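Have a look at the structure below before the remarks.
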There are 2 protein chains.
Amino acid sequence: MPRPRTPLLSRDRIRAAALALIDKDGLAELSMRKLAQELGVQAASLYSHYKTKEALLDEIGVQILDKVDVTGFAGSDWRAGLTGWARSYRAALAAHPNFVPYLASGPGRHPAALEIADKIHGGLIRAGWPPRYATMIGASTKYLVLGAALTSFARGFDADTQVYLDRYPNLGQAHLLQQMADEIDTDSFELALTAFLDGLDRLRPTLGHLGQPGHE
Amino acid sequence: MPRPRTPLLSRDRIRAAALALIDKDGLAELSMRKLAQELGVQAASLYSHYKTKEALLDEIGVQILDKVDVTGFAGSDWRAGLTGWARSYRAALAAHPNFVPYLASGPGRHPAALEIADKIHGGLIRAGWPPRYATMIGASTKYLVLGAALTSFARGFDADTQVYLDRYPNLGQAHLLQQMADEIDTDSFELALTAFLDGLDRLRPTLGHLGQPGHE
DNA sequence: ACCTGAACACCGTTCAAGT
DNA sequence: ACCTGAACACCGTTCAAGT
């Protein structure tokens with residue numbers, strides 16, 4: 001068969017097709033062979049563009065996390081910075097729930113992740129938090145986001161939701177269940193984030209370190 | 001070969017060997033064939049005891065979560081109940097970090113998980129929280145525990161820790177790194193839990209529902 | 001440089017057959 | 001009831017070969 005003038009594949013096409021398959025059928029269903037078939041090509045061809053399946057998944061991860069927003073840390077309002085980061089982070093994960101387990105499993109050490117962690121750390125320090133607290137607050141917020149993204153998105157109903165439904169059986173109309181689960185998820189996340197930040201606010205004065213940094 | 005008087009395998013032996021392999025080499029490294037070899041048996045033999053690999057993993061999950069403690073909800077101190085649950089939950093996961101991704105990926109809907117969720121929900125309601133808040137608080141706490149268990153245990157250092165180390169390079173003595181990561185993890189979790197509970201405390205009076213339930 | 005076809009070393013699972 | 005050996009339908013990945 002003659003080689004086409006333009007390559008059949010590209011990294012972007014491969015990523016897009018892979019993510020579409022993951023979104024549709026789940027992470028476990030993605031195989032290099034199925035992906036190749038979807039792209040009208042042999043499985044081995046994919047290895048001309050990505051060295052391994054893992055390299056492909058890693059780059060999909062980077063692409064998804066590209067939408068995480070840390071611009072809120074530009075000012076001196078650390079709450080705004082954290083809130084903006086956490087919400088955009090969660091939204092990025094929620095856009096591809098089936099991919100979340102992959103992101104949650106490996107340590108995030110891509111340059112982009114490091115850059116984000118650095119922005120957050122810097123923003124918190126500029127707001128007067130001691131370095132160690134900056135680290136812990138960043139980590140804690142990530143716990144919330146990852147936990148929230150993992151626990152229930154598009155994942156059937158977990159025990160919490162089930163208990164809620166059992167106790168209030170009048171809510172059991174089938175067509176409301178998915179909406180209900182999404183709502184409980186979002187509300188739980190917002191409650192957790194607000195309560196966490198409120199708790200930090202209360203704790204802050206007791207630290208006895210440098211006060212507010214003047215402006216704002 | 002004559003059939004031995006006593007079966008070579010048992011569900012308990014299989015689970016123990018499987019979990020040992022997972023603890024040692026990671027979840028991805030566990031295969032039914034390797035597990036069988038470890039047990040001195042053919043892979044097909046395992047299927048006389050567990051219907052599928054997934055059924056085996058599920059039961060390992062139940063076994064691990066068996067150590068989660070919800071007795072703290074017996075009294076009327078909801079903070080003590082939540083704290084005890086969250087800490088024992090996290091400790092149970094931390095005991096087998098390589099298994100956490102499996103627990104985090106599927107919805108927890110075993111009867112045991114439901115029973116726990118019910119105890120928590122009941123305890124919070126008895127403490128005066130409106131039902132919807134009870135659900136959200138339970139979910140939020142689970143976010144924290146799962147996020148904390150996933151993010152860094154025995155998982156190399158993620159971006160947060162890396163930033164911390166980069167900024168304080170004098171901490172870079174190799175033999176202190178693991179201990180440091182564990183410490184940051186634990187402290188972050190405790191900070192998150194405390195701040196979250198403090199935030200809830202502050203929020204509670206504004207709900208305008210039934211006050212404290214008298215005693216304590 | 002990019003793609004193919006065939007191969008290699010693995011998987012989970014099934015099933016007839018043995019005891 | 002429990003275990004084996006062989007098979008089936010899959011995997012990820014490699015590699016010589018073609019263009």
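Ligands are numbered from 1 in the order shown, residues from 1 within each chain, and chains are lettered A, B, ... in the order they appear in the structure tokens.
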
Show which residues sit within 10 Å of region 13-16 of chain C, as a list in words. Count only C-alpha atoms (C1' of nucleotides), and ignore same-chain residues fewer than 5 positions away.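 My reading of the contact set: Ala43, Ala44, Tyr47, Lys51, Thr52 and Lys53 of chain B; DG5, DA6, DA7, DC8 and DA9 of chain D.
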
Can you list, as a compact mmCIF listing (two decimals) with N, CA, C and O atoms, in the first residue's frame, every residue of region 11-117 of chain B that DSSP puts in helix (DSSP H, G or I)?
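Output saved as part.txt:
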# COMPACT_ATOMS: atom_id res chain seq x y z
N ARG B 11 -9.75 -19.47 50.71
CA ARG B 11 -9.96 -18.06 50.39
C ARG B 11 -9.02 -17.17 51.20
O ARG B 11 -8.48 -16.20 50.68
N ASP B 12 -8.82 -17.51 52.43
CA ASP B 12 -7.95 -16.68 53.29
C ASP B 12 -6.50 -16.70 52.80
O ASP B 12 -5.85 -15.66 52.73
N ARG B 13 -6.02 -17.90 52.49
CA ARG B 13 -4.64 -17.99 52.00
C ARG B 13 -4.47 -17.20 50.71
O ARG B 13 -3.47 -16.52 50.51
N ILE B 14 -5.45 -17.31 49.84
CA ILE B 14 -5.39 -16.59 48.56
C ILE B 14 -5.36 -15.09 48.81
O ILE B 14 -4.52 -14.37 48.25
N ARG B 15 -6.26 -14.62 49.64
CA ARG B 15 -6.29 -13.18 49.93
C ARG B 15 -4.98 -12.71 50.53
O ARG B 15 -4.44 -11.68 50.15
N ALA B 16 -4.48 -13.46 51.50
CA ALA B 16 -3.24 -13.06 52.17
C ALA B 16 -2.09 -12.97 51.17
O ALA B 16 -1.33 -11.99 51.16
N ALA B 17 -1.98 -13.98 50.32
CA ALA B 17 -0.88 -13.99 49.35
C ALA B 17 -1.05 -12.85 48.35
O ALA B 17 -0.07 -12.20 47.96
N ALA B 18 -2.28 -12.62 47.93
CA ALA B 18 -2.53 -11.56 46.96
C ALA B 18 -2.17 -10.19 47.55
O ALA B 18 -1.48 -9.39 46.92
N LEU B 19 -2.61 -9.97 48.77
CA LEU B 19 -2.33 -8.67 49.40
C LEU B 19 -0.84 -8.49 49.64
O LEU B 19 -0.30 -7.39 49.47
N ALA B 20 -0.17 -9.57 50.00
CA ALA B 20 1.28 -9.48 50.19
C ALA B 20 1.97 -9.09 48.88
O ALA B 20 2.88 -8.25 48.88
N LEU B 21 1.53 -9.70 47.78
CA LEU B 21 2.11 -9.34 46.48
C LEU B 21 1.83 -7.88 46.13
O LEU B 21 2.70 -7.18 45.61
N ILE B 22 0.61 -7.45 46.40
CA ILE B 22 0.25 -6.07 46.10
C ILE B 22 1.08 -5.11 46.96
O ILE B 22 1.60 -4.11 46.46
N ASP B 23 1.21 -5.42 48.22
CA ASP B 23 2.00 -4.56 49.11
C ASP B 23 3.44 -4.47 48.63
O ASP B 23 4.07 -3.42 48.69
N LYS B 24 3.94 -5.60 48.14
CA LYS B 24 5.35 -5.64 47.74
C LYS B 24 5.59 -4.99 46.37
O LYS B 24 6.51 -4.17 46.24
N ASP B 25 4.77 -5.35 45.39
CA ASP B 25 5.09 -4.97 44.01
C ASP B 25 4.10 -4.01 43.37
O ASP B 25 4.33 -3.51 42.27
N LEU B 27 -0.25 -2.89 42.72
CA LEU B 27 -1.51 -3.46 42.23
C LEU B 27 -1.37 -3.97 40.80
O LEU B 27 -1.88 -5.05 40.46
N ALA B 28 -0.68 -3.22 39.97
CA ALA B 28 -0.58 -3.57 38.55
C ALA B 28 0.22 -4.86 38.34
O ALA B 28 0.05 -5.54 37.33
N GLU B 29 1.05 -5.19 39.29
CA GLU B 29 1.90 -6.36 39.15
C GLU B 29 1.20 -7.66 39.52
O GLU B 29 1.72 -8.75 39.28
N MET B 32 -3.16 -13.31 38.20
CA MET B 32 -3.63 -14.59 38.73
C MET B 32 -2.55 -15.65 38.58
O MET B 32 -2.43 -16.55 39.41
N ARG B 33 -1.77 -15.55 37.52
CA ARG B 33 -0.71 -16.52 37.30
C ARG B 33 0.41 -16.38 38.33
O ARG B 33 0.88 -17.38 38.89
N LYS B 34 0.82 -15.15 38.58
CA LYS B 34 1.87 -14.94 39.59
C LYS B 34 1.36 -15.36 40.97
O LYS B 34 2.09 -15.96 41.76
N LEU B 35 0.13 -15.01 41.24
CA LEU B 35 -0.46 -15.35 42.53
C LEU B 35 -0.49 -16.86 42.71
O LEU B 35 -0.12 -17.39 43.77
N ALA B 36 -0.90 -17.57 41.65
CA ALA B 36 -0.93 -19.03 41.72
C ALA B 36 0.47 -19.59 41.97
O ALA B 36 0.64 -20.49 42.81
N GLN B 37 1.44 -19.06 41.27
CA GLN B 37 2.81 -19.53 41.44
C GLN B 37 3.27 -19.36 42.89
O GLN B 37 3.87 -20.25 43.49
N GLU B 38 2.94 -18.19 43.43
CA GLU B 38 3.29 -17.90 44.82
C GLU B 38 2.66 -18.93 45.76
O GLU B 38 3.23 -19.26 46.81
N ALA B 43 -2.87 -21.44 37.86
CA ALA B 43 -3.74 -20.26 37.87
C ALA B 43 -5.21 -20.65 37.89
O ALA B 43 -6.02 -20.04 38.61
N ALA B 44 -5.54 -21.67 37.13
CA ALA B 44 -6.95 -22.06 37.03
C ALA B 44 -7.52 -22.49 38.38
O ALA B 44 -8.73 -22.39 38.62
N SER B 45 -6.65 -22.97 39.26
CA SER B 45 -7.12 -23.44 40.57
C SER B 45 -7.78 -22.33 41.38
O SER B 45 -8.68 -22.57 42.19
N LEU B 46 -7.29 -21.12 41.17
CA LEU B 46 -7.82 -20.00 41.94
C LEU B 46 -9.32 -19.83 41.70
O LEU B 46 -10.05 -19.39 42.58
N TYR B 47 -9.74 -20.23 40.51
CA TYR B 47 -11.14 -20.01 40.14
C TYR B 47 -12.09 -21.01 40.82
O TYR B 47 -13.29 -20.89 40.69
N SER B 48 -11.53 -21.95 41.54
CA SER B 48 -12.39 -22.79 42.39
C SER B 48 -12.79 -22.06 43.67
O SER B 48 -13.70 -22.48 44.37
N LYS B 53 -11.03 -12.34 39.32
CA LYS B 53 -10.01 -11.53 39.99
C LYS B 53 -10.67 -10.36 40.73
O LYS B 53 -10.27 -10.03 41.85
N GLU B 54 -11.67 -9.79 40.12
CA GLU B 54 -12.36 -8.66 40.73
C GLU B 54 -13.01 -9.06 42.05
O GLU B 54 -12.95 -8.32 43.03
N ALA B 55 -13.62 -10.24 42.08
CA ALA B 55 -14.24 -10.71 43.33
C ALA B 55 -13.20 -10.85 44.43
O ALA B 55 -13.46 -10.54 45.59
N LEU B 56 -12.03 -11.34 44.04
CA LEU B 56 -10.93 -11.45 45.00
C LEU B 56 -10.52 -10.08 45.53
O LEU B 56 -10.42 -9.87 46.75
N LEU B 57 -10.32 -9.13 44.62
CA LEU B 57 -9.92 -7.78 45.04
C LEU B 57 -11.00 -7.13 45.91
O LEU B 57 -10.69 -6.46 46.89
N ASP B 58 -12.23 -7.35 45.55
CA ASP B 58 -13.32 -6.78 46.35
C ASP B 58 -13.26 -7.28 47.79
O ASP B 58 -13.44 -6.52 48.74
N GLU B 59 -13.00 -8.57 47.93
CA GLU B 59 -12.99 -9.13 49.28
C GLU B 59 -11.77 -8.65 50.07
O GLU B 59 -11.82 -8.48 51.28
N ILE B 60 -10.67 -8.44 49.37
CA ILE B 60 -9.51 -7.83 50.03
C ILE B 60 -9.86 -6.43 50.52
O ILE B 60 -9.51 -6.03 51.63
N GLY B 61 -10.61 -5.72 49.69
CA GLY B 61 -11.05 -4.38 50.09
C GLY B 61 -11.90 -4.42 51.35
O GLY B 61 -11.70 -3.63 52.28
N VAL B 62 -12.82 -5.34 51.39
CA VAL B 62 -13.68 -5.48 52.58
C VAL B 62 -12.82 -5.75 53.82
O VAL B 62 -13.02 -5.17 54.88
N GLN B 63 -11.86 -6.65 53.64
CA GLN B 63 -10.97 -7.02 54.75
C GLN B 63 -10.19 -5.79 55.26
O GLN B 63 -10.08 -5.58 56.47
N ILE B 64 -9.70 -4.99 54.35
CA ILE B 64 -8.94 -3.80 54.74
C ILE B 64 -9.83 -2.80 55.45
O ILE B 64 -9.45 -2.22 56.48
N LEU B 65 -11.02 -2.62 54.93
CA LEU B 65 -11.92 -1.62 55.50
C LEU B 65 -12.58 -2.11 56.78
O LEU B 65 -13.30 -1.35 57.44
N THR B 71 -17.32 3.56 66.03
CA THR B 71 -17.91 3.51 67.38
C THR B 71 -17.98 4.91 68.00
O THR B 71 -18.76 5.14 68.92
N GLY B 72 -17.17 5.83 67.50
CA GLY B 72 -17.18 7.19 68.04
C GLY B 72 -18.51 7.89 67.87
O GLY B 72 -18.77 8.91 68.52
N PHE B 73 -19.36 7.34 67.03
CA PHE B 73 -20.66 7.95 66.82
C PHE B 73 -21.70 7.49 67.83
O PHE B 73 -22.86 7.87 67.77
N TRP B 78 -20.38 14.71 67.77
CA TRP B 78 -20.20 14.41 66.35
C TRP B 78 -18.77 14.64 65.88
O TRP B 78 -18.28 13.95 64.99
N ARG B 79 -18.08 15.60 66.50
CA ARG B 79 -16.68 15.84 66.12
C ARG B 79 -15.82 14.63 66.44
O ARG B 79 -14.99 14.21 65.65
N ALA B 80 -16.05 14.08 67.63
CA ALA B 80 -15.29 12.88 68.02
C ALA B 80 -15.61 11.72 67.08
O ALA B 80 -14.73 10.97 66.66
N GLY B 81 -16.88 11.59 66.73
CA GLY B 81 -17.28 10.53 65.81
C GLY B 81 -16.60 10.66 64.46
O GLY B 81 -16.00 9.70 63.95
N LEU B 82 -16.68 11.84 63.90
CA LEU B 82 -16.08 12.07 62.59
C LEU B 82 -14.56 11.89 62.62
O LEU B 82 -13.97 11.28 61.73
N THR B 83 -13.95 12.44 63.67
CA THR B 83 -12.50 12.35 63.78
C THR B 83 -12.04 10.90 63.88
O THR B 83 -11.10 10.48 63.18
N GLY B 84 -12.72 10.15 64.74
CA GLY B 84 -12.35 8.75 64.90
C GLY B 84 -12.54 7.95 63.62
O GLY B 84 -11.69 7.13 63.24
N TRP B 85 -13.63 8.21 62.95
CA TRP B 85 -13.88 7.54 61.67
C TRP B 85 -12.80 7.90 60.66
O TRP B 85 -12.16 7.01 60.07
N ALA B 86 -12.58 9.19 60.50
CA ALA B 86 -11.64 9.65 59.47
C ALA B 86 -10.23 9.10 59.73
O ALA B 86 -9.56 8.61 58.82
N ARG B 87 -9.80 9.14 60.97
CA ARG B 87 -8.43 8.67 61.27
C ARG B 87 -8.29 7.17 61.08
O ARG B 87 -7.31 6.69 60.54
N SER B 88 -9.29 6.44 61.53
CA SER B 88 -9.19 4.98 61.39
C SER B 88 -9.31 4.58 59.91
O SER B 88 -8.66 3.64 59.45
N TYR B 89 -10.10 5.30 59.19
CA TYR B 89 -10.28 5.08 57.75
C TYR B 89 -8.93 5.32 57.04
O TYR B 89 -8.44 4.47 56.29
N ARG B 90 -8.35 6.44 57.34
CA ARG B 90 -7.06 6.76 56.72
C ARG B 90 -5.99 5.76 57.13
O ARG B 90 -5.18 5.32 56.30
N ALA B 91 -5.98 5.37 58.39
CA ALA B 91 -4.98 4.40 58.85
C ALA B 91 -5.16 3.07 58.13
O ALA B 91 -4.17 2.43 57.75
N ALA B 92 -6.40 2.67 57.94
CA ALA B 92 -6.66 1.40 57.24
C ALA B 92 -6.11 1.46 55.82
O ALA B 92 -5.51 0.49 55.33
N LEU B 93 -6.30 2.57 55.16
CA LEU B 93 -5.79 2.72 53.79
C LEU B 93 -4.27 2.81 53.78
O LEU B 93 -3.60 2.24 52.92
N ALA B 94 -3.74 3.54 54.76
CA ALA B 94 -2.29 3.73 54.80
C ALA B 94 -1.55 2.42 55.03
O ALA B 94 -0.39 2.28 54.64
N PRO B 97 -1.00 0.99 51.05
CA PRO B 97 -1.08 2.10 50.10
C PRO B 97 -1.26 1.65 48.65
O PRO B 97 -1.97 2.31 47.89
N ASN B 98 -0.66 0.53 48.28
CA ASN B 98 -0.76 0.09 46.89
C ASN B 98 -2.16 -0.37 46.52
O ASN B 98 -2.48 -0.51 45.35
N PHE B 99 -2.97 -0.64 47.52
CA PHE B 99 -4.33 -1.10 47.23
C PHE B 99 -5.32 0.07 47.12
O PHE B 99 -6.42 -0.10 46.61
N VAL B 100 -4.91 1.22 47.61
CA VAL B 100 -5.82 2.37 47.67
C VAL B 100 -6.45 2.71 46.31
O VAL B 100 -7.65 2.96 46.25
N PRO B 101 -5.67 2.72 45.23
CA PRO B 101 -6.30 3.06 43.96
C PRO B 101 -7.49 2.17 43.61
O PRO B 101 -8.46 2.63 43.02
N TYR B 102 -7.42 0.91 43.99
CA TYR B 102 -8.57 0.04 43.71
C TYR B 102 -9.79 0.47 44.52
O TYR B 102 -10.90 0.54 43.99
N LEU B 103 -9.59 0.77 45.77
CA LEU B 103 -10.71 1.20 46.61
C LEU B 103 -11.25 2.54 46.15
O LEU B 103 -12.45 2.82 46.30
N ALA B 104 -10.36 3.36 45.62
CA ALA B 104 -10.80 4.70 45.23
C ALA B 104 -11.55 4.71 43.91
O ALA B 104 -12.29 5.64 43.62
N SER B 105 -11.38 3.65 43.14
CA SER B 105 -11.90 3.67 41.78
C SER B 105 -13.35 3.24 41.67
O SER B 105 -14.11 3.82 40.91
N PRO B 111 -22.21 -4.15 51.52
CA PRO B 111 -23.09 -3.96 52.69
C PRO B 111 -22.35 -3.26 53.83
O PRO B 111 -22.90 -2.40 54.49
N ALA B 112 -21.08 -3.62 54.03
CA ALA B 112 -20.31 -3.01 55.12
C ALA B 112 -20.19 -1.51 54.93
O ALA B 112 -20.36 -0.73 55.87
N ALA B 113 -19.91 -1.07 53.70
CA ALA B 113 -19.77 0.35 53.43
C ALA B 113 -21.09 1.07 53.68
O ALA B 113 -21.12 2.18 54.22
N LEU B 114 -22.16 0.41 53.32
CA LEU B 114 -23.47 1.00 53.53
C LEU B 114 -23.76 1.15 55.01
O LEU B 114 -24.30 2.16 55.46
N GLU B 115 -23.38 0.13 55.76
CA GLU B 115 -23.62 0.17 57.20
C GLU B 115 -22.85 1.32 57.84
O GLU B 115 -23.37 2.03 58.70
N ILE B 116 -21.61 1.49 57.42
CA ILE B 116 -20.79 2.58 57.94
C ILE B 116 -21.41 3.93 57.59
O ILE B 116 -21.57 4.81 58.44
N ALA B 117 -21.77 4.08 56.31
CA ALA B 117 -22.37 5.34 55.88
C ALA B 117 -23.63 5.63 56.69
O ALA B 117 -23.89 6.78 57.06

Using only C-alpha atoms, what does the table of chain B residues within 7 Å of chain A look like, with each row giving the shortest atom pair and its distance in Å to one decimal, sorted by chain and ascending number, as JSON lines?
{"residue": "B:Pro101", "atom": "CA", "partner": "A:Ser105", "partner_atom": "CA", "distance": 6.1}
{"residue": "B:Ala104", "atom": "CA", "partner": "A:Leu150", "partner_atom": "CA", "distance": 6.5}
{"residue": "B:Ser105", "atom": "CA", "partner": "A:Pro101", "partner_atom": "CA", "distance": 6.1}
{"residue": "B:Pro107", "atom": "CA", "partner": "A:Asp158", "partner_atom": "CA", "distance": 4.7}
{"residue": "B:Gly108", "atom": "CA", "partner": "A:Asp158", "partner_atom": "CA", "distance": 5.3}
{"residue": "B:Arg109", "atom": "CA", "partner": "A:Ala159", "partner_atom": "CA", "distance": 5.2}
{"residue": "B:Ala113", "atom": "CA", "partner": "A:Ala159", "partner_atom": "CA", "distance": 6.1}
{"residue": "B:Leu114", "atom": "CA", "partner": "A:Ala159", "partner_atom": "CA", "distance": 5.0}
{"residue": "B:Ala117", "atom": "CA", "partner": "A:Asp160", "partner_atom": "CA", "distance": 5.6}
{"residue": "B:Asp118", "atom": "CA", "partner": "A:Val163", "partner_atom": "CA", "distance": 6.0}
{"residue": "B:Thr135", "atom": "CA", "partner": "A:Asp160", "partner_atom": "CA", "distance": 6.5}
{"residue": "B:Met136", "atom": "CA", "partner": "A:Ser188", "partner_atom": "CA", "distance": 4.5}
{"residue": "B:Ile137", "atom": "CA", "partner": "A:Ser188", "partner_atom": "CA", "distance": 6.8}
{"residue": "B:Ala139", "atom": "CA", "partner": "A:Ser188", "partner_atom": "CA", "distance": 6.4}
{"residue": "B:Ser140", "atom": "CA", "partner": "A:Ala192", "partner_atom": "CA", "distance": 5.5}
{"residue": "B:Tyr143", "atom": "CA", "partner": "A:Gly147", "partner_atom": "CA", "distance": 3.8}
{"residue": "B:Leu144", "atom": "CA", "partner": "A:Leu144", "partner_atom": "CA", "distance": 5.2}
{"residue": "B:Leu146", "atom": "CA", "partner": "A:Gly147", "partner_atom": "CA", "distance": 5.4}
{"residue": "B:Gly147", "atom": "CA", "partner": "A:Tyr143", "partner_atom": "CA", "distance": 3.8}
{"residue": "B:Ala148", "atom": "CA", "partner": "A:Tyr143", "partner_atom": "CA", "distance": 5.2}
{"residue": "B:Leu150", "atom": "CA", "partner": "A:Ala104", "partner_atom": "CA", "distance": 6.6}
{"residue": "B:Thr151", "atom": "CA", "partner": "A:Pro107", "partner_atom": "CA", "distance": 6.9}
{"residue": "B:Ser152", "atom": "CA", "partner": "A:Pro107", "partner_atom": "CA", "distance": 6.9}
{"residue": "B:Arg155", "atom": "CA", "partner": "A:Pro107", "partner_atom": "CA", "distance": 6.4}
{"residue": "B:Gly156", "atom": "CA", "partner": "A:Pro107", "partner_atom": "CA", "distance": 6.7}
{"residue": "B:Phe157", "atom": "CA", "partner": "A:Pro107", "partner_atom": "CA", "distance": 6.6}
{"residue": "B:Asp158", "atom": "CA", "partner": "A:Pro107", "partner_atom": "CA", "distance": 4.7}
{"residue": "B:Ala159", "atom": "CA", "partner": "A:Leu114", "partner_atom": "CA", "distance": 5.0}
{"residue": "B:Asp160", "atom": "CA", "partner": "A:Ala117", "partner_atom": "CA", "distance": 5.6}
{"residue": "B:Val163", "atom": "CA", "partner": "A:Asp118", "partner_atom": "CA", "distance": 6.0}
{"residue": "B:Tyr164", "atom": "CA", "partner": "A:Thr135", "partner_atom": "CA", "distance": 6.6}
{"residue": "B:Ile184", "atom": "CA", "partner": "A:Met136", "partner_atom": "CA", "distance": 6.7}
{"residue": "B:Ser188", "atom": "CA", "partner": "A:Met136", "partner_atom": "CA", "distance": 4.5}
{"residue": "B:Phe189", "atom": "CA", "partner": "A:Ser140", "partner_atom": "CA", "distance": 6.4}
{"residue": "B:Ala192", "atom": "CA", "partner": "A:Ser140", "partner_atom": "CA", "distance": 5.5}
{"residue": "B:Ala195", "atom": "CA", "partner": "A:Gly199", "partner_atom": "CA", "distance": 3.9}
{"residue": "B:Phe196", "atom": "CA", "partner": "A:Phe196", "partner_atom": "CA", "distance": 4.0}
{"residue": "B:Asp198", "atom": "CA", "partner": "A:Gly199", "partner_atom": "CA", "distance": 4.8}
{"residue": "B:Gly199", "atom": "CA", "partner": "A:Ala195", "partner_atom": "CA", "distance": 3.9}
{"residue": "B:Leu200", "atom": "CA", "partner": "A:Ala195", "partner_atom": "CA", "distance": 5.5}

Sorted by chain and rising residue number, which residues of chain C lie within 8 Å of chain B, and what are their closest atom pairs and distances in Å to one decimal, counting only C-alpha atoms (C1' of nucleotides), as a tab-separated table?
residue	atom	partner	partner_atom	distance
C:DC11	C1'	B:Ser31	CA	7.7
C:DG12	C1'	B:Met32	CA	7.6
C:DT19	C1'	B:Arg3	CA	5.6
